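Here is the file upload33.cif (mmCIF, N, CA and C atoms).
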```cif
data_data
loop_
_atom_site.label_atom_id
_atom_site.label_comp_id
_atom_site.auth_asym_id
_atom_site.auth_seq_id
_atom_site.Cartn_x
_atom_site.Cartn_y
_atom_site.Cartn_z
N MET A 1 72.48 262.18 80.51
CA MET A 1 71.98 262.77 79.28
C MET A 1 72.32 261.89 78.08
N ASN A 2 73.42 261.11 78.17
CA ASN A 2 73.83 260.24 77.08
C ASN A 2 72.76 259.20 76.76
N ASP A 3 72.12 258.62 77.79
CA ASP A 3 71.06 257.65 77.57
C ASP A 3 69.87 258.28 76.84
N LEU A 4 69.57 259.53 77.20
CA LEU A 4 68.47 260.22 76.51
C LEU A 4 68.82 260.45 75.04
N ALA A 5 70.05 260.84 74.77
CA ALA A 5 70.46 261.06 73.38
C ALA A 5 70.41 259.75 72.60
N ASN A 6 70.85 258.67 73.23
CA ASN A 6 70.81 257.37 72.55
C ASN A 6 69.40 256.94 72.20
N SER A 7 68.44 257.32 73.04
CA SER A 7 67.05 256.93 72.76
C SER A 7 66.56 257.54 71.45
N PHE A 8 67.07 258.73 71.08
CA PHE A 8 66.72 259.33 69.79
C PHE A 8 67.18 258.41 68.65
N PHE A 9 68.43 257.92 68.75
CA PHE A 9 68.98 257.07 67.70
C PHE A 9 68.26 255.73 67.63
N ILE A 10 67.95 255.17 68.78
CA ILE A 10 67.26 253.87 68.82
C ILE A 10 65.87 253.98 68.21
N ALA A 11 65.12 254.99 68.62
CA ALA A 11 63.77 255.19 68.07
C ALA A 11 63.84 255.54 66.58
N GLY A 12 64.85 256.31 66.20
CA GLY A 12 65.02 256.65 64.78
C GLY A 12 65.28 255.42 63.93
N ALA A 13 66.07 254.49 64.46
CA ALA A 13 66.33 253.24 63.74
C ALA A 13 65.03 252.46 63.56
N GLY A 14 64.20 252.44 64.60
CA GLY A 14 62.91 251.76 64.51
C GLY A 14 62.02 252.40 63.46
N MET A 15 62.04 253.72 63.39
CA MET A 15 61.24 254.42 62.38
C MET A 15 61.75 254.12 60.97
N ARG A 16 63.07 254.05 60.81
CA ARG A 16 63.64 253.76 59.48
C ARG A 16 63.20 252.38 58.97
N VAL A 17 63.30 251.36 59.82
CA VAL A 17 62.95 250.02 59.35
C VAL A 17 61.45 249.89 59.08
N GLN A 18 60.63 250.58 59.88
CA GLN A 18 59.19 250.53 59.63
C GLN A 18 58.84 251.29 58.35
N GLY A 19 59.60 252.34 58.05
CA GLY A 19 59.42 253.04 56.77
C GLY A 19 59.77 252.13 55.60
N ALA A 20 60.84 251.34 55.75
CA ALA A 20 61.21 250.38 54.70
C ALA A 20 60.14 249.30 54.57
N ARG A 21 59.60 248.88 55.70
CA ARG A 21 58.54 247.87 55.68
C ARG A 21 57.31 248.41 54.95
N LEU A 22 56.97 249.67 55.19
CA LEU A 22 55.82 250.28 54.49
C LEU A 22 56.08 250.36 52.99
N ARG A 23 57.33 250.62 52.60
CA ARG A 23 57.65 250.67 51.17
C ARG A 23 57.44 249.31 50.51
N VAL A 24 57.87 248.23 51.18
CA VAL A 24 57.69 246.88 50.65
C VAL A 24 56.20 246.55 50.54
N ILE A 25 55.44 246.89 51.57
CA ILE A 25 53.99 246.65 51.56
C ILE A 25 53.34 247.43 50.41
N SER A 26 53.77 248.68 50.21
CA SER A 26 53.22 249.49 49.11
C SER A 26 53.50 248.85 47.75
N GLU A 27 54.72 248.33 47.58
CA GLU A 27 55.06 247.65 46.32
C GLU A 27 54.15 246.44 46.11
N ASN A 28 53.93 245.68 47.17
CA ASN A 28 53.07 244.50 47.06
C ASN A 28 51.66 244.89 46.66
N LEU A 29 51.10 245.88 47.34
CA LEU A 29 49.73 246.31 47.03
C LEU A 29 49.63 246.89 45.62
N ALA A 30 50.63 247.63 45.20
CA ALA A 30 50.62 248.22 43.87
C ALA A 30 50.68 247.16 42.77
N ASN A 31 51.26 246.01 43.09
CA ASN A 31 51.45 244.96 42.09
C ASN A 31 50.53 243.76 42.27
N LYS A 32 49.47 243.91 43.05
CA LYS A 32 48.61 242.76 43.33
C LYS A 32 47.88 242.25 42.09
N ASP A 33 47.84 243.03 41.05
CA ASP A 33 47.20 242.60 39.81
C ASP A 33 48.20 242.48 38.66
N SER A 34 49.48 242.52 38.95
CA SER A 34 50.51 242.45 37.90
C SER A 34 50.76 240.99 37.51
N THR A 35 50.31 240.66 36.33
CA THR A 35 50.46 239.28 35.83
C THR A 35 51.48 239.25 34.71
N ALA A 36 51.88 238.04 34.34
CA ALA A 36 52.82 237.87 33.23
C ALA A 36 52.13 238.23 31.92
N GLN A 37 52.90 238.52 30.92
CA GLN A 37 52.35 238.86 29.62
C GLN A 37 52.61 237.76 28.59
N THR A 38 53.25 236.68 29.04
CA THR A 38 53.53 235.56 28.14
C THR A 38 52.89 234.30 28.71
N PRO A 39 52.42 233.40 27.86
CA PRO A 39 51.77 232.18 28.34
C PRO A 39 52.66 231.39 29.30
N GLY A 40 52.10 231.05 30.45
CA GLY A 40 52.80 230.26 31.45
C GLY A 40 53.80 231.05 32.28
N GLY A 41 53.94 232.35 32.03
CA GLY A 41 54.90 233.17 32.77
C GLY A 41 54.46 233.42 34.20
N ASP A 42 55.42 233.76 35.03
CA ASP A 42 55.13 234.05 36.44
C ASP A 42 54.77 235.51 36.62
N PRO A 43 53.79 235.77 37.50
CA PRO A 43 53.41 237.15 37.81
C PRO A 43 54.35 237.74 38.86
N TYR A 44 54.01 238.93 39.31
CA TYR A 44 54.75 239.57 40.41
C TYR A 44 54.73 238.64 41.62
N ARG A 45 55.85 238.50 42.27
CA ARG A 45 55.96 237.68 43.48
C ARG A 45 56.05 238.60 44.69
N ARG A 46 55.23 238.32 45.68
CA ARG A 46 55.18 239.13 46.91
C ARG A 46 56.56 239.24 47.54
N LYS A 47 56.89 240.46 47.96
CA LYS A 47 58.16 240.70 48.65
C LYS A 47 57.94 240.63 50.15
N THR A 48 59.00 240.22 50.86
CA THR A 48 58.99 240.16 52.32
C THR A 48 60.19 240.94 52.83
N ILE A 49 60.12 241.32 54.10
CA ILE A 49 61.22 242.04 54.72
C ILE A 49 61.48 241.44 56.09
N THR A 50 62.75 241.30 56.43
CA THR A 50 63.13 240.81 57.75
C THR A 50 64.09 241.81 58.37
N PHE A 51 64.12 241.80 59.70
CA PHE A 51 64.96 242.72 60.46
C PHE A 51 66.00 241.96 61.25
N LYS A 52 67.01 242.69 61.71
CA LYS A 52 68.04 242.11 62.58
C LYS A 52 68.51 243.19 63.54
N ASN A 53 69.08 242.75 64.65
CA ASN A 53 69.74 243.67 65.58
C ASN A 53 71.20 243.76 65.18
N GLU A 54 71.72 244.96 65.21
CA GLU A 54 73.12 245.16 64.87
C GLU A 54 73.73 246.12 65.88
N LEU A 55 74.88 245.74 66.41
CA LEU A 55 75.54 246.57 67.41
C LEU A 55 76.08 247.84 66.78
N ASP A 56 75.68 248.97 67.35
CA ASP A 56 76.26 250.25 66.97
C ASP A 56 77.34 250.55 67.99
N LYS A 57 78.59 250.44 67.60
CA LYS A 57 79.70 250.58 68.54
C LYS A 57 79.79 251.99 69.12
N ALA A 58 79.44 252.99 68.33
CA ALA A 58 79.51 254.37 68.82
C ALA A 58 78.50 254.60 69.94
N LEU A 59 77.31 253.99 69.82
CA LEU A 59 76.28 254.14 70.85
C LEU A 59 76.42 253.09 71.95
N GLY A 60 77.05 251.98 71.62
CA GLY A 60 77.18 250.89 72.58
C GLY A 60 75.88 250.16 72.82
N THR A 61 75.04 250.09 71.80
CA THR A 61 73.76 249.41 71.93
C THR A 61 73.34 248.81 70.59
N ASP A 62 72.41 247.90 70.64
CA ASP A 62 71.88 247.30 69.41
C ASP A 62 70.84 248.21 68.79
N LEU A 63 70.89 248.32 67.47
CA LEU A 63 69.88 249.03 66.71
C LEU A 63 69.26 248.06 65.73
N VAL A 64 67.99 248.25 65.44
CA VAL A 64 67.31 247.40 64.47
C VAL A 64 67.66 247.89 63.07
N LYS A 65 67.92 246.94 62.18
CA LYS A 65 68.26 247.23 60.79
C LYS A 65 67.48 246.29 59.89
N VAL A 66 67.36 246.65 58.62
CA VAL A 66 66.78 245.74 57.64
C VAL A 66 67.79 244.64 57.39
N ASN A 67 67.36 243.40 57.56
CA ASN A 67 68.23 242.26 57.30
C ASN A 67 68.21 241.91 55.82
N LYS A 68 67.01 241.73 55.29
CA LYS A 68 66.90 241.27 53.91
C LYS A 68 65.51 241.57 53.37
N ILE A 69 65.47 241.94 52.11
CA ILE A 69 64.20 242.02 51.38
C ILE A 69 64.21 240.83 50.44
N GLY A 70 63.29 239.90 50.68
CA GLY A 70 63.26 238.67 49.90
C GLY A 70 61.94 238.52 49.16
N GLU A 71 61.69 237.31 48.74
CA GLU A 71 60.45 237.00 48.02
C GLU A 71 59.71 235.88 48.73
N ASP A 72 58.40 236.00 48.76
CA ASP A 72 57.53 234.97 49.32
C ASP A 72 57.41 233.86 48.28
N MET A 73 57.87 232.68 48.62
CA MET A 73 57.89 231.59 47.66
C MET A 73 56.62 230.73 47.68
N SER A 74 55.55 231.25 48.28
CA SER A 74 54.30 230.50 48.28
C SER A 74 53.74 230.42 46.86
N ASP A 75 52.83 229.48 46.67
CA ASP A 75 52.27 229.23 45.34
C ASP A 75 51.42 230.40 44.85
N PHE A 76 51.42 230.56 43.54
CA PHE A 76 50.52 231.51 42.89
C PHE A 76 49.14 230.87 42.79
N SER A 77 48.11 231.71 42.79
CA SER A 77 46.77 231.17 42.54
C SER A 77 46.54 231.15 41.02
N LEU A 78 45.63 230.30 40.60
CA LEU A 78 45.30 230.21 39.18
C LEU A 78 43.92 230.78 38.94
N GLU A 79 43.77 231.45 37.82
CA GLU A 79 42.47 232.01 37.45
C GLU A 79 42.19 231.62 36.00
N PHE A 80 40.93 231.28 35.74
CA PHE A 80 40.54 230.86 34.39
C PHE A 80 40.15 232.07 33.56
N ASP A 81 40.87 232.28 32.48
CA ASP A 81 40.58 233.33 31.52
C ASP A 81 41.36 233.01 30.25
N PRO A 82 40.73 232.23 29.34
CA PRO A 82 41.45 231.81 28.13
C PRO A 82 41.95 232.97 27.27
N GLY A 83 41.37 234.16 27.43
CA GLY A 83 41.79 235.31 26.62
C GLY A 83 42.95 236.10 27.21
N HIS A 84 43.37 235.74 28.39
CA HIS A 84 44.47 236.47 29.03
C HIS A 84 45.79 236.14 28.34
N PRO A 85 46.66 237.14 28.15
CA PRO A 85 47.93 236.89 27.45
C PRO A 85 48.83 235.83 28.13
N ALA A 86 48.67 235.64 29.44
CA ALA A 86 49.52 234.68 30.15
C ALA A 86 48.83 233.32 30.32
N ALA A 87 47.65 233.16 29.73
CA ALA A 87 46.92 231.90 29.89
C ALA A 87 47.67 230.74 29.24
N ASN A 88 47.65 229.61 29.96
CA ASN A 88 48.28 228.40 29.42
C ASN A 88 47.30 227.71 28.47
N ALA A 89 47.65 226.53 28.00
CA ALA A 89 46.82 225.80 27.03
C ALA A 89 45.45 225.46 27.59
N GLU A 90 45.34 225.31 28.92
CA GLU A 90 44.04 225.01 29.55
C GLU A 90 43.22 226.26 29.84
N GLY A 91 43.79 227.46 29.59
CA GLY A 91 43.06 228.71 29.80
C GLY A 91 43.29 229.34 31.17
N TYR A 92 44.22 228.82 31.96
CA TYR A 92 44.50 229.38 33.29
C TYR A 92 45.76 230.24 33.27
N TYR A 93 45.75 231.28 34.05
CA TYR A 93 46.96 232.09 34.23
C TYR A 93 47.22 232.27 35.72
N LYS A 94 48.48 232.55 36.05
CA LYS A 94 48.89 232.70 37.45
C LYS A 94 48.65 234.12 37.93
N ARG A 95 48.12 234.20 39.16
CA ARG A 95 47.89 235.49 39.83
C ARG A 95 48.97 235.68 40.89
N PRO A 96 49.35 236.93 41.19
CA PRO A 96 50.35 237.16 42.24
C PRO A 96 49.92 236.56 43.57
N ASN A 97 50.90 236.16 44.38
CA ASN A 97 50.63 235.53 45.68
C ASN A 97 50.46 236.60 46.77
N ILE A 98 49.61 237.56 46.49
CA ILE A 98 49.39 238.68 47.41
C ILE A 98 47.97 238.63 47.93
N ASN A 99 47.84 238.70 49.25
CA ASN A 99 46.54 238.78 49.91
C ASN A 99 46.43 240.21 50.45
N SER A 100 45.53 240.99 49.88
CA SER A 100 45.39 242.40 50.27
C SER A 100 45.09 242.57 51.75
N LEU A 101 44.33 241.66 52.33
CA LEU A 101 43.99 241.75 53.74
C LEU A 101 45.25 241.61 54.61
N ILE A 102 46.11 240.67 54.27
CA ILE A 102 47.36 240.50 55.02
C ILE A 102 48.24 241.74 54.86
N GLU A 103 48.32 242.27 53.66
CA GLU A 103 49.14 243.46 53.43
C GLU A 103 48.60 244.65 54.24
N MET A 104 47.29 244.81 54.30
CA MET A 104 46.69 245.91 55.05
C MET A 104 46.95 245.75 56.55
N MET A 105 46.88 244.52 57.05
CA MET A 105 47.17 244.28 58.47
C MET A 105 48.65 244.54 58.77
N ASP A 106 49.53 244.11 57.88
CA ASP A 106 50.95 244.39 58.05
C ASP A 106 51.20 245.90 58.03
N MET A 107 50.48 246.60 57.16
CA MET A 107 50.64 248.05 57.07
C MET A 107 50.21 248.73 58.38
N ARG A 108 49.12 248.29 58.95
CA ARG A 108 48.66 248.87 60.22
C ARG A 108 49.66 248.60 61.34
N GLU A 109 50.21 247.40 61.36
CA GLU A 109 51.20 247.06 62.39
C GLU A 109 52.46 247.92 62.23
N ALA A 110 52.92 248.11 61.00
CA ALA A 110 54.09 248.94 60.75
C ALA A 110 53.81 250.39 61.14
N GLN A 111 52.62 250.86 60.83
CA GLN A 111 52.23 252.23 61.17
C GLN A 111 52.21 252.42 62.68
N ARG A 112 51.67 251.46 63.40
CA ARG A 112 51.62 251.57 64.87
C ARG A 112 53.02 251.54 65.47
N SER A 113 53.89 250.70 64.94
CA SER A 113 55.26 250.64 65.43
C SER A 113 56.00 251.94 65.13
N TYR A 114 55.77 252.49 63.95
CA TYR A 114 56.37 253.78 63.58
C TYR A 114 55.92 254.86 64.56
N GLU A 115 54.62 254.90 64.82
CA GLU A 115 54.06 255.90 65.74
C GLU A 115 54.57 255.71 67.16
N ALA A 116 54.78 254.47 67.60
CA ALA A 116 55.31 254.22 68.94
C ALA A 116 56.73 254.77 69.05
N ASN A 117 57.54 254.57 68.02
CA ASN A 117 58.89 255.13 68.03
C ASN A 117 58.87 256.65 67.99
N LEU A 118 57.94 257.21 67.27
CA LEU A 118 57.79 258.66 67.24
C LEU A 118 57.40 259.19 68.62
N SER A 119 56.56 258.45 69.33
CA SER A 119 56.18 258.84 70.70
C SER A 119 57.38 258.82 71.63
N VAL A 120 58.27 257.85 71.44
CA VAL A 120 59.51 257.79 72.25
C VAL A 120 60.34 259.05 72.01
N ILE A 121 60.46 259.45 70.76
CA ILE A 121 61.23 260.65 70.44
C ILE A 121 60.59 261.89 71.08
N ARG A 122 59.27 261.99 70.99
CA ARG A 122 58.57 263.14 71.61
C ARG A 122 58.77 263.15 73.12
N ALA A 123 58.65 261.99 73.75
CA ALA A 123 58.81 261.91 75.21
C ALA A 123 60.24 262.26 75.61
N THR A 124 61.21 261.78 74.85
CA THR A 124 62.61 262.07 75.14
C THR A 124 62.87 263.56 74.98
N LYS A 125 62.32 264.14 73.94
CA LYS A 125 62.48 265.58 73.72
C LYS A 125 61.91 266.37 74.89
N THR A 126 60.76 265.97 75.37
CA THR A 126 60.15 266.64 76.53
C THR A 126 61.04 266.51 77.76
N MET A 127 61.58 265.33 77.99
CA MET A 127 62.46 265.12 79.14
C MET A 127 63.72 265.97 79.04
N VAL A 128 64.30 266.06 77.86
CA VAL A 128 65.49 266.89 77.68
C VAL A 128 65.16 268.36 77.93
N ASN A 129 64.05 268.82 77.37
CA ASN A 129 63.64 270.21 77.58
C ASN A 129 63.37 270.50 79.06
N ASN A 130 62.72 269.58 79.76
CA ASN A 130 62.46 269.77 81.18
C ASN A 130 63.76 269.83 81.98
N THR A 131 64.73 269.00 81.61
CA THR A 131 66.02 269.01 82.30
C THR A 131 66.73 270.34 82.07
N ILE A 132 66.71 270.82 80.86
CA ILE A 132 67.35 272.12 80.53
C ILE A 132 66.68 273.24 81.31
N ASN A 133 65.35 273.21 81.37
CA ASN A 133 64.61 274.24 82.12
C ASN A 133 64.95 274.21 83.61
N LEU A 134 65.18 273.03 84.16
CA LEU A 134 65.55 272.92 85.57
C LEU A 134 66.94 273.48 85.84
N LEU A 135 67.81 273.38 84.87
CA LEU A 135 69.19 273.83 85.03
C LEU A 135 69.37 275.32 84.83
N LYS A 136 68.34 276.01 84.35
CA LYS A 136 68.44 277.45 84.11
C LYS A 136 68.47 278.24 85.39
#
```
Please express what this file holds, its structure, as structure tokens.
Amino acid sequence: MNDLANSFFIAGAGMRVQGARLRVISENLANKDSTAQTPGGDPYRRKTITFKNELDKALGTDLVKVNKIGEDMSDFSLEFDPGHPAANAEGYYKRPNINSLIEMMDMREAQRSYEANLSVIRATKTMVNNTINLLK
């Protein structure tokens, strides 16, 4: 029964990190048009998230955790609009380094991983209930 109980914690850890990943993706999508307000200033920079395995001594197993929320250091794109508050002397301003298509694909992957962990919890719950019913 201990292994079944541990599966709840393992799947829960997976759901937590995918929830954090969805939050980062949401921030990126919400800020895809956030530009600087001063000439030559930098716009919103895309955030990234990485995971790591960490030993949970109480469970005696590795659980996935958020390692770091960082920034994507790729180049900003330039757009010509001399009237924009962040436009430089040549009339160009920097756009955030966010590709909506990539963010949407990352979101779908996080959603599927979240749902897979939820399925593990449901299956484990069914197995525990079936075991209890057999013991009655």
Grab the CA of Asp33 (chain A) to CA of Asn97 (chain A) distance for me, in Å with one decimal place.
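Here the two named atoms are 9.8 Å from each other.
Here atom N of Ser113 (chain A) is placed at a distance of 27.6 Å from atom N of Ser34 (chain A).
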Can you tell me which residues surround Asp75 (chain A) at a distance of at most 8 Å, considering all atoms listed in the file, apart from same-chain residues fewer than 4 positions away, and format the answer as a ChimeraX atom specification?
/A:95-98
Those residues with N, CA and C atoms, as a tab-separated table (two decimals), in the coordinates of the input please?
```
chain	number	residue	atom	x	y	z
A	95	ARG	N	48.12	234.20	39.16
A	95	ARG	CA	47.89	235.49	39.83
A	95	ARG	C	48.97	235.68	40.89
A	96	PRO	N	49.35	236.93	41.19
A	96	PRO	CA	50.35	237.16	42.24
A	96	PRO	C	49.92	236.56	43.57
A	97	ASN	N	50.90	236.16	44.38
A	97	ASN	CA	50.63	235.53	45.68
A	97	ASN	C	50.46	236.60	46.77
A	98	ILE	N	49.61	237.56	46.49
A	98	ILE	CA	49.39	238.68	47.41
A	98	ILE	C	47.97	238.63	47.93
```
Atomic distance atom C of Gln111 (chain A) - atom C of Lys125 (chain A), expressed in Å with one decimal:
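Atom-to-atom, atom C of Gln111 (chain A) and atom C of Lys125 (chain A) are spaced 20.9 Å apart.
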Applied to this file, what does the PyMOL selection byres ((chain A and resi 85) around 5) return in terms of residues, put as a list in words?
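Evaluating the PyMOL selection byres ((chain A and resi 85) around 5) on this file yields Gln37, Thr38, Pro39, Gly83, His84, Ala86 and Ala87 of chain A.
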Between A:Ser77, A:Asn117, A:Ser100, A:Asn129, which one has atoms that come closest to Met15 (chain A), using all atoms listed in the file?
A:Asn117
Could you check the closest approach to Gln18 (chain A) for each of A:Ala110, A:Thr131, A:Ile49, A:Ala5 and tell me which residue wins, using only N, CA and C atoms?
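With only N, CA and C atoms as the atom set, the closest residue is A:Ala110.
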Near Asn31 (chain A), within 7 Å and counting all atoms listed in the file, which residues show up once chain neighbours fewer than 4 positions away are dropped, as a ChimeraX atom specification?
/A:26-27,35,44,96
Using only N, CA and C atoms, which residue out of A:Val17, A:Ala11, A:Leu4, A:Ile25 lies closest to Met104 (chain A)?
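Going through A:Val17, A:Ala11, A:Leu4, A:Ile25 one by one, the smallest distance to Met104 (chain A) is for A:Ile25.
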DSSP on the backbone: what in region 4-132 of chain A comes out strand (DSSP E), as a PyMOL selection string?
chain A and resi 47-56+61-71+77-80+92-95
Output for the residues just chosen: N, CA and C atoms as an mmCIF file, in the coordinates of the input:
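Written output follows (selection-v2.cif):
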```cif
data_model
loop_
_atom_site.group_PDB
_atom_site.id
_atom_site.type_symbol
_atom_site.label_atom_id
_atom_site.label_comp_id
_atom_site.auth_asym_id
_atom_site.auth_seq_id
_atom_site.Cartn_x
_atom_site.Cartn_y
_atom_site.Cartn_z
ATOM 1 N N LYS A 47 56.890 240.460 47.960
ATOM 2 C CA LYS A 47 58.160 240.700 48.650
ATOM 3 C C LYS A 47 57.940 240.630 50.150
ATOM 4 N N THR A 48 59.000 240.220 50.860
ATOM 5 C CA THR A 48 58.990 240.160 52.320
ATOM 6 C C THR A 48 60.190 240.940 52.830
ATOM 7 N N ILE A 49 60.120 241.320 54.100
ATOM 8 C CA ILE A 49 61.220 242.040 54.720
ATOM 9 C C ILE A 49 61.480 241.440 56.090
ATOM 10 N N THR A 50 62.750 241.300 56.430
ATOM 11 C CA THR A 50 63.130 240.810 57.750
ATOM 12 C C THR A 50 64.090 241.810 58.370
ATOM 13 N N PHE A 51 64.120 241.800 59.700
ATOM 14 C CA PHE A 51 64.960 242.720 60.460
ATOM 15 C C PHE A 51 66.000 241.960 61.250
ATOM 16 N N LYS A 52 67.010 242.690 61.710
ATOM 17 C CA LYS A 52 68.040 242.110 62.580
ATOM 18 C C LYS A 52 68.510 243.190 63.540
ATOM 19 N N ASN A 53 69.080 242.750 64.650
ATOM 20 C CA ASN A 53 69.740 243.670 65.580
ATOM 21 C C ASN A 53 71.200 243.760 65.180
ATOM 22 N N GLU A 54 71.720 244.960 65.210
ATOM 23 C CA GLU A 54 73.120 245.160 64.870
ATOM 24 C C GLU A 54 73.730 246.120 65.880
ATOM 25 N N LEU A 55 74.880 245.740 66.410
ATOM 26 C CA LEU A 55 75.540 246.570 67.410
ATOM 27 C C LEU A 55 76.080 247.840 66.780
ATOM 28 N N ASP A 56 75.680 248.970 67.350
ATOM 29 C CA ASP A 56 76.260 250.250 66.970
ATOM 30 C C ASP A 56 77.340 250.550 67.990
ATOM 31 N N THR A 61 75.040 250.090 71.800
ATOM 32 C CA THR A 61 73.760 249.410 71.930
ATOM 33 C C THR A 61 73.340 248.810 70.590
ATOM 34 N N ASP A 62 72.410 247.900 70.640
ATOM 35 C CA ASP A 62 71.880 247.300 69.410
ATOM 36 C C ASP A 62 70.840 248.210 68.790
ATOM 37 N N LEU A 63 70.890 248.320 67.470
ATOM 38 C CA LEU A 63 69.880 249.030 66.710
ATOM 39 C C LEU A 63 69.260 248.060 65.730
ATOM 40 N N VAL A 64 67.990 248.250 65.440
ATOM 41 C CA VAL A 64 67.310 247.400 64.470
ATOM 42 C C VAL A 64 67.660 247.890 63.070
ATOM 43 N N LYS A 65 67.920 246.940 62.180
ATOM 44 C CA LYS A 65 68.260 247.230 60.790
ATOM 45 C C LYS A 65 67.480 246.290 59.890
ATOM 46 N N VAL A 66 67.360 246.650 58.620
ATOM 47 C CA VAL A 66 66.780 245.740 57.640
ATOM 48 C C VAL A 66 67.790 244.640 57.390
ATOM 49 N N ASN A 67 67.360 243.400 57.560
ATOM 50 C CA ASN A 67 68.230 242.260 57.300
ATOM 51 C C ASN A 67 68.210 241.910 55.820
ATOM 52 N N LYS A 68 67.010 241.730 55.290
ATOM 53 C CA LYS A 68 66.900 241.270 53.910
ATOM 54 C C LYS A 68 65.510 241.570 53.370
ATOM 55 N N ILE A 69 65.470 241.940 52.110
ATOM 56 C CA ILE A 69 64.200 242.020 51.380
ATOM 57 C C ILE A 69 64.210 240.830 50.440
ATOM 58 N N GLY A 70 63.290 239.900 50.680
ATOM 59 C CA GLY A 70 63.260 238.670 49.900
ATOM 60 C C GLY A 70 61.940 238.520 49.160
ATOM 61 N N GLU A 71 61.690 237.310 48.740
ATOM 62 C CA GLU A 71 60.450 237.000 48.020
ATOM 63 C C GLU A 71 59.710 235.880 48.730
ATOM 64 N N SER A 77 48.110 231.710 42.790
ATOM 65 C CA SER A 77 46.770 231.170 42.540
ATOM 66 C C SER A 77 46.540 231.150 41.020
ATOM 67 N N LEU A 78 45.630 230.300 40.600
ATOM 68 C CA LEU A 78 45.300 230.210 39.180
ATOM 69 C C LEU A 78 43.920 230.780 38.940
ATOM 70 N N GLU A 79 43.770 231.450 37.820
ATOM 71 C CA GLU A 79 42.470 232.010 37.450
ATOM 72 C C GLU A 79 42.190 231.620 36.000
ATOM 73 N N PHE A 80 40.930 231.280 35.740
ATOM 74 C CA PHE A 80 40.540 230.860 34.390
ATOM 75 C C PHE A 80 40.150 232.070 33.560
ATOM 76 N N TYR A 92 44.220 228.820 31.960
ATOM 77 C CA TYR A 92 44.500 229.380 33.290
ATOM 78 C C TYR A 92 45.760 230.240 33.270
ATOM 79 N N TYR A 93 45.750 231.280 34.050
ATOM 80 C CA TYR A 93 46.960 232.090 34.230
ATOM 81 C C TYR A 93 47.220 232.270 35.720
ATOM 82 N N LYS A 94 48.480 232.550 36.050
ATOM 83 C CA LYS A 94 48.890 232.700 37.450
ATOM 84 C C LYS A 94 48.650 234.120 37.930
ATOM 85 N N ARG A 95 48.120 234.200 39.160
ATOM 86 C CA ARG A 95 47.890 235.490 39.830
ATOM 87 C C ARG A 95 48.970 235.680 40.890
#
```
